[in-house]
Amino acid sequence: MRKTQRRRLSWNDPGTRSLVYQALVLGLVGLGVWYLVSNTLHNLSVRNISTGFDFLHREAGFAIGESIIDYTPADTYGRAIWVGILNTLRVSVLGIVLATLLGTVLGIARLSRNWLVSRVANAYIEVMRNVPLLLQLFFWYAIITEVMPGPRQALNPVTGVFISNRGLKLPSLQGDALDWVLAGLGMAIVLAVLIAHWAKKRQDATGRVFPLGRVVLGLLAACPAAAWLLSGAPLSLDMPELKGFNFVGGVTLTPEFAALLAGLVIYTSAFVAEVVRSGIQSVGAGQWEAAGSLGLSRPRMLRLVILPQALRVIVPPMTSQYLNLTKNSSLAVAIGYPDIVSVVNTTLNQTGQAIEGILIIMAAYLTVSLSISVFMNWYNRRIALVER
């Protein structure tokens, strides 16, 4: 039998030296962390400042302007912070979706053969990229609150839709069947993902294109309708109407939320457009010529041949733009939108738990950012070319 050669510990061995250096650096970092933590705790105890997260179970005592879940001032600080996290997630998710759609259109428009379309897209991108986001938020908030008319003179572009300085009022669904309808919508999305996966495998194997778009639209319409019929519960459309000095009924997009969403989408879409443009230009001209030789129209060339190849270049920098949008949502505090930063600021002003509050904000953004990174890295691996 072959004897296993033991590794001799010697300072002349680079591996041994690297292990020693790493252990020393790790020890110094641990010592520094221990010093900072112990020094902070000592100073807090000298000044009789309490530490810990017990304050999360105490009554908050302050109102929050808008919330996805039920909340009253009698609820705890923990629930208030949870409201702030959900508000941040809401504007971030909607912002990512809308910025991706708008940025993709702008990136394609900048490469358009139409001189006017190309120049307008270029002007939009250059202006929006070079105007600070905070200034844009102030601009959109002033437009909504100062320029828009009051509720009595609200703009009514479509029946049931009102635009005023109080925000945007839209019709909403109400009734016991609403949960069933939402469950049906979720089922439709799951089925659409599964069918898309099957359709891709089928196309790779046979070359036959499955009419995925029509099937998905049919599922999105049929599944919620079927769930509503199965529930047997009532479902009604709550239309907003003016009563007194304000609107009642429907759902409201507040000026703060609308201004923040508009600012994030318009600002980030300019960067997304450049990412999309660079990704399309990275595809060789031969691909356009090969697709054109098959008789494909330019839109079909772009959708079926160019964009799938460009995604391998687009996805990595797009991840950075999604992370930037999520972190830029913290500027919501400047226009009064109750995101996680705003709620935690109010909490630490009332409780004095500054360190704990900052840790909560850091943990919230770190968790969201890492989640986005994990998902985008997984998607990037799925679309990567496989070397043979």
# chains A, B, ... in the order shown; residues from 1 in each chain; ligands from 1
call {"tool": "residues_around", "arguments": {"residues": "segment 62-69 of chain A", "least_positions_apart": "6", "cutoff": "12 Å", "atoms": "only C-alpha atoms", "output": "MDAnalysis selection string"}}
result
chainID A and resid 75:77 79:91 251:257 336:340 342:344 346:347 349:350
call {"tool": "select_by_dssp", "arguments": {"residues": "segment 180-293 of chain A", "states": "helix (DSSP H, G or I)", "output": "PyMOL selection string"}}
result
chain A and resi 180-206+212-231+255-281+285-293
call {"tool": "residues_around", "arguments": {"residues": "Leu170 of chain A", "least_positions_apart": "2", "cutoff": "8 Å", "atoms": "only C-alpha atoms", "output": "PyMOL selection string"}}
result
chain A and resi 160-162+168+172+239-240+250-252
call {"tool": "write_last_selection", "arguments": {"atoms": "C-alpha atoms", "output": "mmCIF file, in the first residue's frame"}}
result
data_model
loop_
_atom_site.group_PDB
_atom_site.id
_atom_site.type_symbol
_atom_site.label_atom_id
_atom_site.label_comp_id
_atom_site.auth_asym_id
_atom_site.auth_seq_id
_atom_site.Cartn_x
_atom_site.Cartn_y
_atom_site.Cartn_z
ATOM 1 C CA GLY A 160 -63.413 55.505 -11.647
ATOM 2 C CA VAL A 161 -59.900 56.987 -11.894
ATOM 3 C CA PHE A 162 -59.185 60.354 -10.261
ATOM 4 C CA LEU A 168 -54.298 58.601 -7.490
ATOM 5 C CA SER A 172 -60.728 48.125 -6.100
ATOM 6 C CA MET A 239 -65.618 52.699 -7.199
ATOM 7 C CA PRO A 240 -64.129 55.845 -5.620
ATOM 8 C CA GLY A 250 -61.425 52.441 -4.025
ATOM 9 C CA VAL A 251 -57.701 52.233 -3.448
ATOM 10 C CA THR A 252 -55.333 55.191 -3.097
#
call {"tool": "closest_atom_pairs", "arguments": {"of": "segment 109-143 of chain A", "to": "segment 294-317 of chain A", "cutoff": "12 Å", "atoms": "only C-alpha atoms", "output": "tab-separated table"}}
result
residue	atom	partner	partner_atom	distance
A:Ala109	CA	A:Pro299	CA	11.8
A:Leu111	CA	A:Leu302	CA	11.4
A:Ser112	CA	A:Arg298	CA	10.6
A:Arg113	CA	A:Arg298	CA	10.9
call {"tool": "write_last_selection", "arguments": {"atoms": "all heavy atoms", "output": "compact mmCIF listing (two decimals), in the first residue's frame"}}
result
# COMPACT_ATOMS: atom_id res chain seq x y z
N ALA A 109 -34.93 51.52 -28.21
CA ALA A 109 -35.22 52.75 -28.96
C ALA A 109 -33.95 53.51 -29.30
O ALA A 109 -33.86 54.14 -30.36
CB ALA A 109 -36.17 53.63 -28.16
N LEU A 111 -31.21 52.34 -30.19
CA LEU A 111 -30.57 51.71 -31.35
C LEU A 111 -31.48 51.71 -32.58
O LEU A 111 -31.16 51.08 -33.59
CB LEU A 111 -30.20 50.26 -31.00
CG LEU A 111 -29.20 50.08 -29.86
CD1 LEU A 111 -29.03 48.62 -29.54
CD2 LEU A 111 -27.86 50.71 -30.22
N SER A 112 -32.60 52.42 -32.49
CA SER A 112 -33.56 52.44 -33.59
C SER A 112 -32.96 53.12 -34.83
O SER A 112 -32.13 54.02 -34.73
CB SER A 112 -34.83 53.18 -33.16
OG SER A 112 -35.71 53.35 -34.26
N ARG A 113 -33.42 52.68 -35.99
CA ARG A 113 -32.99 53.31 -37.24
C ARG A 113 -33.70 54.64 -37.47
O ARG A 113 -33.28 55.42 -38.33
CB ARG A 113 -33.27 52.36 -38.41
CG ARG A 113 -32.43 51.08 -38.37
CD ARG A 113 -32.82 50.14 -39.48
NE ARG A 113 -32.00 48.93 -39.48
CZ ARG A 113 -32.20 47.91 -40.31
NH1 ARG A 113 -33.19 47.95 -41.19
NH2 ARG A 113 -31.41 46.84 -40.25
